[in-house]
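> Enclosed is the structure file entry.cif (mmCIF, C-alpha atoms and all ligand atoms).
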```cif
data_work
loop_
_atom_site.label_atom_id
_atom_site.label_comp_id
_atom_site.auth_asym_id
_atom_site.auth_seq_id
_atom_site.Cartn_x
_atom_site.Cartn_y
_atom_site.Cartn_z
CA MET A 300 2.31 -31.78 -29.02
CA SER A 301 0.08 -34.56 -27.77
CA ARG A 302 0.88 -36.16 -24.50
CA LEU A 303 1.17 -39.54 -26.16
CA ARG A 304 3.69 -38.30 -28.70
CA ARG A 305 5.66 -36.66 -25.91
CA GLN A 306 5.71 -39.89 -23.96
CA LEU A 307 6.82 -41.82 -27.03
CA LEU A 308 9.66 -39.40 -27.63
CA LEU A 309 10.67 -39.53 -24.00
CA LEU A 310 10.64 -43.30 -24.26
CA LEU A 311 12.83 -43.13 -27.35
CA LEU A 312 15.26 -40.93 -25.47
CA VAL A 313 15.41 -43.36 -22.59
CA LEU A 314 15.92 -46.30 -24.92
CA SER A 315 18.71 -44.76 -26.92
CA PRO A 316 21.42 -43.55 -24.60
CA GLY A 317 24.84 -42.70 -25.92
CA PRO A 318 26.56 -39.80 -27.65
CA GLY A 319 24.32 -37.38 -29.49
CA CYS A 320 21.45 -38.05 -27.16
CA ALA A 321 19.83 -35.30 -25.09
CA ASP A 322 20.19 -35.04 -21.33
CA THR A 323 17.68 -32.24 -21.03
CA VAL A 324 14.22 -31.97 -22.52
CA ILE A 325 12.79 -28.48 -23.02
CA ALA A 326 9.08 -28.78 -22.33
CA GLY A 327 8.22 -25.19 -23.15
CA LEU A 328 9.14 -21.53 -23.07
CA ARG A 329 7.15 -19.01 -21.06
CA VAL A 330 7.44 -15.23 -21.38
CA TRP A 331 6.82 -12.62 -18.65
CA HIS A 332 6.62 -8.89 -19.19
CA PRO A 333 7.66 -6.81 -16.17
CA PRO A 334 7.98 -3.08 -16.93
CA GLN A 335 11.12 -2.30 -18.98
CA SER A 336 12.20 -5.92 -19.30
CA THR A 337 11.30 -9.32 -20.64
CA ARG A 338 11.81 -12.59 -18.82
CA LEU A 339 12.08 -15.86 -20.75
CA VAL A 340 11.66 -19.07 -18.80
CA PHE A 341 12.62 -22.39 -20.38
CA ASP A 342 10.97 -25.31 -18.60
CA LEU A 343 13.52 -28.12 -18.39
CA SER A 344 13.52 -31.80 -17.45
CA ASP A 345 17.00 -31.40 -15.91
CA PRO A 346 19.58 -28.68 -15.33
CA VAL A 347 21.46 -27.77 -18.51
CA GLU A 348 24.85 -26.37 -19.46
CA PHE A 349 24.19 -23.12 -21.28
CA GLU A 350 25.89 -20.14 -22.85
CA LEU A 351 24.51 -16.72 -23.75
CA PHE A 352 25.91 -14.17 -26.22
CA ASP A 353 24.78 -11.54 -28.67
CA LEU A 354 25.52 -11.01 -32.35
CA SER A 355 25.29 -7.83 -34.43
CA ASP A 356 24.13 -7.06 -38.00
CA PRO A 357 21.39 -7.90 -37.45
CA LYS A 358 21.15 -7.82 -33.68
CA ARG A 359 20.48 -11.24 -32.20
CA LEU A 360 20.65 -12.92 -28.82
CA VAL A 361 21.85 -16.52 -28.80
CA VAL A 362 21.19 -19.13 -26.13
CA ASP A 363 23.18 -22.33 -26.55
CA MET A 364 22.31 -25.40 -24.53
CA ARG A 365 24.33 -28.59 -24.37
CA ARG A 366 22.66 -31.93 -25.07
CA ALA A 367 19.15 -30.52 -25.05
CA LEU A 368 16.05 -31.28 -27.08
CA VAL A 369 12.88 -29.24 -27.65
CA LEU A 370 9.67 -31.17 -27.12
CA GLY A 371 7.32 -28.40 -26.05
CA THR A 372 5.79 -25.60 -28.06
CA LEU A 373 7.41 -22.19 -28.33
CA PRO A 374 5.48 -18.93 -28.10
CA GLU A 375 4.45 -16.98 -31.22
CA SER A 376 6.74 -14.06 -32.01
CA SER A 377 3.89 -11.67 -31.18
CA ALA A 378 4.04 -12.90 -27.58
CA LEU A 379 7.73 -12.11 -27.18
CA GLY A 380 7.30 -8.53 -26.03
CA PRO A 381 8.80 -5.23 -27.13
CA TYR A 382 12.46 -6.23 -27.48
CA LEU A 383 12.34 -9.55 -29.30
CA GLY A 384 11.33 -9.93 -32.92
CA GLY A 385 11.33 -13.63 -33.55
CA ILE A 386 12.62 -16.94 -32.31
CA ARG A 387 14.08 -20.01 -34.01
CA TYR A 388 16.27 -22.91 -33.03
CA GLY A 389 18.55 -25.47 -34.59
CA SER A 390 21.68 -27.46 -34.05
CA PRO A 391 24.78 -25.72 -35.50
CA LYS A 392 27.05 -28.45 -34.16
CA SER A 393 26.52 -31.79 -32.53
CA GLU A 394 25.34 -31.75 -28.92
CA THR A 395 24.47 -28.04 -29.15
CA LEU A 396 20.93 -26.77 -29.30
CA ARG A 397 20.89 -23.12 -30.33
CA PHE A 398 18.05 -20.65 -29.82
CA VAL A 399 18.31 -17.41 -31.78
CA PHE A 400 16.18 -14.42 -30.77
CA ASP A 401 15.98 -11.48 -33.19
CA LEU A 402 16.46 -8.23 -31.27
CA LYS A 403 14.56 -5.04 -32.06
CA GLN A 404 17.10 -2.98 -30.12
CA SER A 405 20.29 -3.33 -28.08
CA VAL A 406 19.63 -5.15 -24.84
CA GLY A 407 21.38 -6.17 -21.67
CA TYR A 408 20.89 -9.79 -20.64
CA ASP A 409 21.45 -12.24 -17.85
CA ALA A 410 20.63 -15.91 -17.34
CA PHE A 411 20.51 -18.37 -14.47
CA LEU A 412 19.10 -21.78 -13.57
CA LEU A 413 16.34 -22.26 -11.02
CA PRO A 414 15.76 -25.54 -9.16
CA PRO A 415 12.29 -27.14 -8.98
CA GLU A 416 9.83 -25.42 -6.69
CA GLY A 417 6.12 -25.96 -6.17
CA THR A 418 4.50 -26.80 -9.47
CA TYR A 419 7.58 -25.76 -11.44
CA GLY A 420 10.48 -28.04 -12.41
CA HIS A 421 14.01 -27.06 -13.43
CA ARG A 422 14.12 -23.77 -15.30
CA LEU A 423 16.54 -21.65 -17.25
CA VAL A 424 15.66 -17.98 -16.85
CA VAL A 425 16.85 -15.34 -19.32
CA ASP A 426 16.29 -11.69 -18.38
CA ILE A 427 16.40 -9.06 -21.10
CA SER A 428 16.25 -5.29 -20.60
CA PRO A 429 16.76 -2.38 -22.99
CA LEU A 430 20.13 -0.60 -22.87
CA GLU A 431 18.63 2.86 -23.41
CA VAL A 432 16.85 3.53 -20.15
CA GLU A 433 16.27 7.29 -20.16
CA ALA A 434 12.75 6.72 -21.37
CA VAL A 435 12.03 4.64 -18.30
CA ASP A 436 11.66 7.26 -15.65
CA ARG A 437 10.11 9.94 -17.77
CA ASN A 438 6.87 7.97 -17.75
CA ARG A 439 6.98 7.01 -14.14
CA LEU A 440 7.91 10.24 -12.45
CA LYS A 441 4.92 12.37 -13.06
CA PRO A 442 5.48 15.45 -10.93
CA GLY A 443 2.38 16.98 -9.47
CA LYS A 444 0.41 17.13 -6.33
CA ARG A 445 1.91 13.94 -4.95
CA ALA A 446 3.77 15.80 -2.23
CA ARG A 447 0.48 16.94 -0.76
CA SER A 448 -1.27 13.61 -1.07
CA PHE A 449 -0.92 10.89 1.50
CA VAL A 450 0.68 8.09 -0.50
CA ILE A 451 0.15 4.45 0.39
CA VAL A 452 2.31 1.95 -1.47
CA ILE A 453 0.61 -1.43 -1.75
CA ASP A 454 2.90 -4.35 -2.39
CA PRO A 455 1.28 -7.53 -3.74
CA GLY A 456 3.80 -10.23 -2.81
CA HIS A 457 5.49 -12.60 -5.26
CA GLY A 458 4.45 -12.63 -8.94
CA GLY A 459 5.66 -14.01 -12.25
CA GLU A 460 7.99 -16.96 -11.80
CA ASP A 461 7.44 -16.83 -8.03
CA PRO A 462 3.89 -18.06 -7.30
CA GLY A 463 4.26 -17.81 -3.51
CA ALA A 464 2.21 -20.34 -1.55
CA THR A 465 -0.23 -22.60 -3.37
CA GLY A 466 -3.41 -24.16 -2.02
CA ARG A 467 -4.80 -27.63 -2.56
CA ARG A 468 -7.20 -26.31 -5.21
CA HIS A 469 -4.21 -24.65 -6.92
CA THR A 470 -5.11 -21.14 -5.79
CA ARG A 471 -1.88 -19.19 -6.02
CA GLU A 472 -0.81 -16.61 -3.50
CA LYS A 473 0.50 -14.27 -6.23
CA ASP A 474 -2.98 -14.06 -7.84
CA VAL A 475 -4.98 -13.60 -4.65
CA VAL A 476 -2.71 -10.89 -3.26
CA LEU A 477 -2.83 -8.98 -6.55
CA ALA A 478 -6.64 -9.09 -6.60
CA VAL A 479 -6.93 -7.80 -3.03
CA SER A 480 -4.25 -5.15 -3.63
CA LYS A 481 -6.10 -3.79 -6.66
CA ARG A 482 -9.31 -3.57 -4.67
CA LEU A 483 -7.47 -1.82 -1.83
CA SER A 484 -5.95 0.59 -4.34
CA ARG A 485 -9.42 1.51 -5.66
CA LEU A 486 -10.73 2.17 -2.13
CA ILE A 487 -7.74 4.38 -1.28
CA ASN A 488 -7.98 6.35 -4.51
CA GLY A 489 -11.65 7.02 -3.76
CA GLU A 490 -10.62 8.94 -0.65
CA ILE A 491 -9.81 12.61 -1.16
CA GLY A 492 -6.19 13.38 -0.26
CA MET A 493 -5.05 9.77 -0.47
CA GLN A 494 -3.25 8.05 -3.30
CA ALA A 495 -2.37 4.41 -3.80
CA ARG A 496 0.60 3.06 -5.73
CA LEU A 497 1.13 -0.61 -6.52
CA THR A 498 4.58 -2.20 -6.65
CA ARG A 499 3.16 -4.43 -9.40
CA ASP A 500 -0.20 -4.29 -11.15
CA ARG A 501 0.18 -7.45 -13.21
CA ASP A 502 1.68 -10.91 -12.94
CA TYR A 503 5.42 -10.34 -12.94
CA TYR A 504 8.18 -10.55 -10.38
CA VAL A 505 9.58 -7.50 -8.60
CA SER A 506 12.68 -8.02 -6.45
CA LEU A 507 12.36 -7.23 -2.77
CA ARG A 508 14.92 -4.49 -3.25
CA GLY A 509 12.88 -3.16 -6.18
CA ARG A 510 9.78 -3.00 -3.98
CA ILE A 511 11.65 -0.89 -1.41
CA ASP A 512 12.90 1.35 -4.21
CA ILE A 513 9.35 1.98 -5.40
CA ALA A 514 8.23 2.92 -1.88
CA VAL A 515 11.14 5.34 -1.54
CA ARG A 516 10.72 6.83 -5.02
CA GLU A 517 6.97 7.33 -4.52
CA LYS A 518 7.70 9.00 -1.17
CA ALA A 519 5.32 6.59 0.51
CA ASP A 520 3.73 7.63 3.77
CA LEU A 521 2.71 4.04 4.44
CA PHE A 522 3.72 0.69 3.01
CA VAL A 523 1.52 -2.42 3.02
CA SER A 524 2.83 -5.74 1.74
CA VAL A 525 0.02 -8.20 1.03
CA HIS A 526 0.53 -11.96 1.39
CA ALA A 527 -1.26 -15.22 2.13
CA ASP A 528 0.17 -17.74 4.55
CA ALA A 529 1.11 -21.41 4.22
CA ALA A 530 1.68 -24.16 6.76
CA LYS A 531 2.25 -27.90 6.71
CA ARG A 532 -0.53 -28.25 9.26
CA ARG A 533 -3.69 -27.86 7.17
CA SER A 534 -5.76 -26.75 10.13
CA ALA A 535 -3.64 -23.60 10.58
CA MET A 536 -5.80 -20.58 9.81
CA GLY A 537 -6.36 -16.91 10.42
CA ALA A 538 -4.76 -13.59 9.53
CA SER A 539 -1.60 -12.12 11.02
CA VAL A 540 0.15 -8.77 10.69
CA TYR A 541 3.91 -8.30 10.83
CA ILE A 542 6.19 -5.35 11.32
CA LEU A 543 9.95 -5.15 11.08
CA SER A 544 11.93 -6.30 14.10
CA ASN A 545 15.07 -4.54 15.25
CA LYS A 546 16.40 -7.51 17.16
CA GLY A 547 15.51 -10.28 14.79
CA ALA A 548 12.33 -12.28 14.90
CA THR A 549 10.28 -12.49 18.08
CA SER A 550 9.50 -16.14 17.56
CA GLU A 551 10.83 -19.08 15.65
CA ILE A 552 7.71 -19.16 13.46
CA ALA A 553 8.27 -15.56 12.51
CA ARG A 554 11.87 -16.34 11.59
CA GLN A 555 10.86 -19.21 9.38
CA LEU A 556 8.26 -17.12 7.67
CA ALA A 557 10.76 -14.35 7.08
CA ARG A 558 13.12 -16.87 5.54
CA ARG A 559 10.43 -18.15 3.20
CA GLU A 560 9.38 -14.71 1.97
CA ASN A 561 13.01 -13.61 1.61
CA ALA A 562 13.93 -16.78 -0.27
CA SER A 563 11.53 -15.78 -2.99
CA ASP A 564 14.12 -13.30 -4.13
CA LEU A 565 16.22 -16.18 -5.42
CA ALA A 566 13.50 -16.74 -7.97
CA GLY A 567 13.96 -13.12 -9.03
CA GLY A 568 17.63 -13.67 -9.71
CA VAL A 569 18.86 -11.10 -7.22
CA GLN A 570 22.07 -11.50 -5.26
CA LEU A 571 20.79 -11.77 -1.74
CA LYS A 572 24.12 -11.03 -0.03
CA ASP A 573 24.87 -7.78 -1.85
CA ARG A 574 21.44 -6.49 -1.25
CA GLU A 575 21.36 -7.39 2.43
CA VAL A 576 24.49 -5.37 3.08
CA SER A 577 23.22 -2.26 1.36
CA VAL A 578 19.84 -2.53 3.02
CA ARG A 579 21.44 -2.87 6.43
CA GLU A 580 23.53 0.21 5.77
CA MET A 581 20.40 2.10 4.81
CA ILE A 582 18.76 1.62 8.12
CA LEU A 583 19.74 4.15 10.67
CA ASP A 584 19.29 3.22 14.30
CA MET A 585 17.63 6.46 15.24
CA GLU A 586 14.91 6.01 12.70
CA ILE A 587 14.21 2.41 13.55
CA ASP A 588 12.59 3.25 16.87
CA TRP A 589 10.26 5.78 15.31
CA LYS A 590 9.48 3.51 12.40
CA ILE A 591 8.69 0.53 14.61
CA ARG A 592 6.47 2.56 16.90
CA GLU A 593 4.46 3.91 13.97
CA SER A 594 4.37 0.55 12.22
CA ARG A 595 3.04 -1.05 15.39
CA ASP A 596 0.19 1.47 15.66
CA PHE A 597 -0.61 0.94 12.00
CA ALA A 598 -0.43 -2.86 12.31
CA SER A 599 -2.66 -2.88 15.40
CA ALA A 600 -5.32 -0.88 13.59
CA VAL A 601 -5.28 -3.26 10.61
CA LEU A 602 -5.23 -6.35 12.83
CA LYS A 603 -8.28 -5.11 14.73
CA GLU A 604 -10.23 -4.63 11.48
CA LEU A 605 -9.16 -8.02 10.11
CA GLY A 606 -10.41 -9.55 13.36
CA MET A 607 -13.87 -8.14 12.61
CA ILE A 608 -14.20 -10.02 9.33
CA GLY A 609 -12.55 -13.36 10.12
CA PRO A 610 -10.36 -15.38 12.44
CA LEU A 611 -6.93 -14.12 13.49
CA HIS A 612 -3.96 -16.46 13.65
CA SER A 613 -2.60 -14.36 16.48
CA ARG A 614 -4.11 -11.43 18.35
CA LYS A 615 -0.81 -9.62 18.61
CA VAL A 616 1.39 -7.91 16.05
CA HIS A 617 4.45 -10.01 15.18
CA GLN A 618 7.92 -8.79 14.36
CA ALA A 619 10.20 -10.37 11.77
CA GLY A 620 13.07 -9.42 9.50
CA PHE A 621 11.17 -9.06 6.26
CA VAL A 622 13.46 -7.34 3.78
CA VAL A 623 10.52 -5.69 2.07
CA LEU A 624 9.62 -3.76 5.25
CA LYS A 625 13.03 -2.18 5.54
CA ALA A 626 12.53 1.12 3.75
CA ILE A 627 13.62 3.84 6.12
CA GLU A 628 11.19 6.50 7.35
CA ILE A 629 8.14 4.58 6.14
CA PRO A 630 5.83 2.81 8.58
CA ALA A 631 5.40 -0.60 7.01
CA ILE A 632 3.37 -3.72 7.64
CA LEU A 633 3.12 -7.14 6.07
CA VAL A 634 -0.37 -8.64 6.11
CA GLU A 635 -0.79 -12.41 5.89
CA MET A 636 -4.49 -12.48 5.03
CA GLY A 637 -5.07 -16.13 5.91
CA TYR A 638 -3.79 -19.61 5.16
CA ILE A 639 -4.01 -20.67 1.54
CA THR A 640 -3.12 -24.19 2.76
CA ASN A 641 -6.33 -24.29 4.79
CA ASP A 642 -9.16 -25.56 2.56
CA GLN A 643 -11.74 -23.20 3.98
CA GLU A 644 -9.51 -20.14 3.83
CA GLU A 645 -8.27 -21.00 0.36
CA GLN A 646 -11.86 -20.89 -0.83
CA LYS A 647 -12.44 -17.55 0.88
CA LEU A 648 -9.21 -16.03 -0.46
CA ALA A 649 -10.25 -16.89 -4.00
CA ASN A 650 -13.74 -15.41 -3.53
CA SER A 651 -14.14 -11.89 -4.90
CA LEU A 652 -16.54 -10.74 -2.19
CA HIS A 653 -14.16 -11.92 0.49
CA GLN A 654 -11.31 -10.18 -1.35
CA GLU A 655 -13.34 -6.96 -1.13
CA ARG A 656 -13.90 -7.63 2.57
CA LEU A 657 -10.16 -8.05 3.14
CA ALA A 658 -9.27 -4.95 1.13
CA ALA A 659 -11.90 -2.92 3.00
CA ALA A 660 -10.64 -4.13 6.38
CA ILE A 661 -7.07 -3.07 5.52
CA PHE A 662 -8.47 0.24 4.26
CA ARG A 663 -10.37 0.86 7.51
CA GLY A 664 -7.14 0.09 9.37
CA ILE A 665 -5.33 2.70 7.28
CA LYS A 666 -8.01 5.29 8.05
CA GLU A 667 -7.95 4.42 11.74
CA TYR A 668 -4.17 4.87 11.85
CA CYS A 669 -4.57 8.11 9.94
CA ARG A 670 -6.88 9.63 12.52
CA GLN A 671 -3.93 9.83 14.94
CA GLU A 672 -1.49 11.20 12.38
CA ARG A 673 -0.66 14.84 11.82
CA ASP A 674 0.32 14.33 8.17
CA CYS A 675 -2.78 12.39 7.23
CA PRO A 676 -5.57 14.01 5.28
CA MET A 677 -8.88 14.46 7.05
CA VAL A 678 -10.45 11.14 6.35
CA GLY A 679 -14.17 10.84 6.30
CA ASN A 680 -16.07 8.47 8.51
CA SER A 681 -18.01 5.80 6.73
CA PRO A 682 -21.04 7.60 5.36
CA ALA A 683 -24.33 7.04 7.11
CA LEU A 684 -26.02 7.12 3.71
CA TYR A 685 -24.76 5.32 0.66
CA THR A 686 -25.87 6.18 -2.87
CA VAL A 687 -25.99 3.14 -5.13
CA LYS A 688 -23.69 3.33 -8.15
CA LYS A 689 -23.53 1.32 -11.36
CA ALA A 690 -22.40 -2.29 -10.88
CA ASP A 691 -23.07 -2.17 -7.13
CA SER A 692 -24.76 -5.07 -5.43
CA LEU A 693 -26.02 -5.50 -1.90
CA SER A 694 -23.34 -8.09 -1.15
CA LEU A 695 -20.54 -5.87 -2.52
CA ILE A 696 -21.66 -2.87 -0.45
CA ALA A 697 -21.97 -5.10 2.62
CA ALA A 698 -18.45 -6.49 2.04
CA ARG A 699 -16.99 -3.03 1.56
CA TYR A 700 -18.46 -1.49 4.71
CA GLY A 701 -18.07 -4.58 6.86
CA PHE A 702 -21.73 -5.53 7.29
CA THR A 703 -23.69 -8.65 6.53
CA VAL A 704 -26.24 -8.52 3.74
CA GLN A 705 -28.89 -9.29 6.37
CA GLN A 706 -27.89 -6.18 8.38
CA LEU A 707 -28.29 -4.00 5.28
CA ARG A 708 -31.60 -5.62 4.41
CA SER A 709 -33.16 -5.08 7.82
CA GLU A 710 -31.74 -1.57 8.34
CA ASN A 711 -33.30 -0.52 5.03
CA ALA A 712 -36.39 -2.72 5.24
CA LEU A 713 -35.60 -4.15 1.83
CA SER A 714 -37.95 -6.73 0.45
CA SER A 715 -35.70 -7.48 -2.53
CA ASP A 716 -31.93 -7.43 -3.10
CA ARG A 717 -32.33 -5.61 -6.41
CA LEU A 718 -30.81 -2.14 -6.28
CA GLN A 719 -31.38 0.91 -8.48
CA VAL A 720 -28.64 3.35 -9.41
CA GLY A 721 -29.14 6.46 -7.27
CA GLN A 722 -31.05 4.61 -4.57
CA GLU A 723 -29.99 5.60 -1.06
CA LEU A 724 -29.14 3.02 1.58
CA ILE A 725 -28.79 3.62 5.29
CA LEU A 726 -25.57 2.08 6.59
CA PRO A 727 -26.00 0.67 10.11
CA GLU A 728 -23.69 1.94 12.84
CA ARG A 729 -20.65 -0.23 13.33
ZN ZN B 801 4.03 -14.46 0.55
#
```
Can I see the file as structure tokens?
Ligand SMILES: [Zn+2]


Amino acid sequence: MSRLRRQLLLLLLVLSPGPGCADTVIAGLRVWHPPQSTRLVFDLSDPVEFELFDLSDPKRLVVDMRRALVLGTLPESSALGPYLGGIRYGSPKSETLRFVFDLKQSVGYDAFLLPPEGTYGHRLVVDISPLEVEAVDRNRLKPGKRARSFVIVIDPGHGGEDPGATGRRHTREKDVVLAVSKRLSRLINGEIGMQARLTRDRDYYVSLRGRIDIAVREKADLFVSVHADAAKRRSAMGASVYILSNKGATSEIARQLARRENASDLAGGVQLKDREVSVREMILDMEIDWKIRESRDFASAVLKELGMIGPLHSRKVHQAGFVVLKAIEIPAILVEMGYITNDQEEQKLANSLHQERLAAAIFRGIKEYCRQERDCPMVGNSPALYTVKKADSLSLIAARYGFTVQQLRSENALSSDRLQVGQELILPER
């Protein structure tokens, strides 16, 4: 619908108050596809009274909204995912707007309202998941040599309806952290004896509890949550690394940050209180000391490497009560790669070469930590010679191994930046 038409209709609504008139305008419907579920998000002008129920023969899911009006476009049925067949709406009685979704199978469902946040306004979220779930884990639990591999679970923060922090040029934390996490995953999987697992590999929301569950299920040896920072003060910049605190946050800033990252779970529709209790019960005092000691070693190694490629917000490892770090028996860190609210850092975070630099720095930190660990595989040093592969470029290789392009050029006496597949490059000593 054109903006003009929308404005005219909105004007009409404003000019004609009274019974039968809508209180809530539905500007659109967005669909997310996390594994084994579908999330529908209605974008609303105002909160709405709603009701949800299912019908059989044929199976349908009905969403009724009171005094609402559709002005946005609805997705094609092909975009509705594996559980929904089609969508239509009408008004079965006055003041009721009814959406009917055709179901391809029996589903469980849940719905809740979300208040405005960031670029989003009021929203009604409907979560749908299949009732037959045996198929779920058969795919995921592939038995094999995992027990012998050193497993690193990478956790790209936020996702889906939760964009995380947003920069002035609209760079979103959820996108940047996913890009860096995928690059980190590739680097880890290139190392013999190491395996990476991602808590999400696309743009959807995973609850904080769900992220812990993945780490536990994958028998993670290490856990890395990847984030980008935000601050009101636009000059704030630099990377920081957090570990779990046993006595609450070490500073007020850390507490605030923990609150912000934890609050994102509200956007995922999870009951914070219930989860907190069960998480607290999970943590056994005896293991906390060990976990914090290991996490601190790990965090220090990563912090040192991040300091080689850019500014640090703080030279010391911080402690805070991040829920996502609370999996027992797993050394865990949360990396804030830089401030997305700082113009210069926003630009860097969105740059693919810098993303490779960040991923490589975290990877070098992992290897450094590993050198002191009995359970770690024998990790190789950075090779002294690098053989050029397809799609390599001088700047990518430099980013990955933590050099400048100029260093590579002079070490190899290159007169041109053009590389040939199979060509050997000498990597300078770091
Ligand atoms: Zn974050």

> Hey, which residues sit close to ligand ZN 801 (chain B)? Say within 9 Å, counting only C-alpha atoms and all ligand atoms, and write them as a ChimeraX atom specification.

/A:455-457,462-464,472-473,476,524-529,556,559-560,563,635

> Tell me which of A:Thr686, A:Ser613, A:Ser692, A:Asn641 sits closest to Gln722 of chain A, counting all atoms listed in the file.

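Once distances to Gln722 of chain A are computed over all atoms listed in the file, the minimum belongs to A:Thr686.
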
> When you count only C-alpha atoms, which of these residues is closest to Ala478 of chain A: A:Ala660, A:Leu648, A:Val687, A:Ile665?

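That would be A:Leu648, the residue with the smallest distance to Ala478 of chain A.
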
> Just want the 9 Å neighbourhood of Ser344 of chain A, counted on all atoms listed in the file, with same-chain residues fewer than 4 positions away dropped. Output as a list of chain:residue names.

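Residues meeting the cut-off are A:Asp322, A:Thr323, A:Val324, A:Ile325, A:Ala326, A:Gly420, A:His421, A:Arg422.
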
> Using all atoms listed in the file, determine which residues lie at most 10 Å from Leu624 of chain A, disregarding the query and same-chain residues fewer than 5 positions distant; provide the list as a JSON list (two decimals) with C-alpha atoms, keeping the file's coordinate frame.


```json
[["chain", "number", "residue", "atom", "x", "y", "z"],
["A", 507, "LEU", "CA", 12.36, -7.23, -2.77],
["A", 510, "ARG", "CA", 9.78, -3.00, -3.98],
["A", 511, "ILE", "CA", 11.65, -0.89, -1.41],
["A", 514, "ALA", "CA", 8.23, 2.92, -1.88],
["A", 522, "PHE", "CA", 3.72, 0.69, 3.01],
["A", 523, "VAL", "CA", 1.52, -2.42, 3.02],
["A", 524, "SER", "CA", 2.83, -5.74, 1.74],
["A", 541, "TYR", "CA", 3.91, -8.30, 10.83],
["A", 542, "ILE", "CA", 6.19, -5.35, 11.32],
["A", 543, "LEU", "CA", 9.95, -5.15, 11.08],
["A", 544, "SER", "CA", 11.93, -6.30, 14.10],
["A", 594, "SER", "CA", 4.37, 0.55, 12.22],
["A", 619, "ALA", "CA", 10.20, -10.37, 11.77],
["A", 629, "ILE", "CA", 8.14, 4.58, 6.14],
["A", 630, "PRO", "CA", 5.83, 2.81, 8.58],
["A", 631, "ALA", "CA", 5.40, -0.60, 7.01],
["A", 632, "ILE", "CA", 3.37, -3.72, 7.64],
["A", 633, "LEU", "CA", 3.12, -7.14, 6.07]]
```

> Report the distance between atom CA of Ala659 of chain A and atom CA of Tyr504 of chain A in Å, rounded to one decimal place.

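A separation of 25.3 Å between them.
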
> When you draw a straight line from atom CA of Leu652 of chain A to atom CA of Gly637 of chain A, how long is it in Å?

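According to the coordinates, atom CA of Leu652 of chain A and atom CA of Gly637 of chain A are separated by 15.0 Å.
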
> Which residues, written as a CSV table (one decimal) with C-alpha atoms, in the frame of the given file, have at least one atom at most 8 Å from segment 399-401 of chain A, with only C-alpha atoms counted and residues fewer than 2 positions away on the same chain left out?


```csv
chain,number,residue,atom,x,y,z
A,357,PRO,CA,21.4,-7.9,-37.4
A,358,LYS,CA,21.2,-7.8,-33.7
A,359,ARG,CA,20.5,-11.2,-32.2
A,360,LEU,CA,20.6,-12.9,-28.8
A,361,VAL,CA,21.8,-16.5,-28.8
A,362,VAL,CA,21.2,-19.1,-26.1
A,383,LEU,CA,12.3,-9.6,-29.3
A,384,GLY,CA,11.3,-9.9,-32.9
A,385,GLY,CA,11.3,-13.6,-33.6
A,386,ILE,CA,12.6,-16.9,-32.3
A,387,ARG,CA,14.1,-20.0,-34.0
A,388,TYR,CA,16.3,-22.9,-33.0
A,397,ARG,CA,20.9,-23.1,-30.3
A,403,LYS,CA,14.6,-5.0,-32.1
```

> Interatomic distance between atom CA of Gly458 of chain A and atom CA of Ile639 of chain A?

15.7 Å

> Please determine, counting all atoms listed in the file, which residue among A:Asp474, A:Ser377, A:Val622, A:Glu490 has the shortest atom-to-atom distance to Pro676 of chain A.

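That would be A:Glu490, the residue with the smallest distance to Pro676 of chain A.
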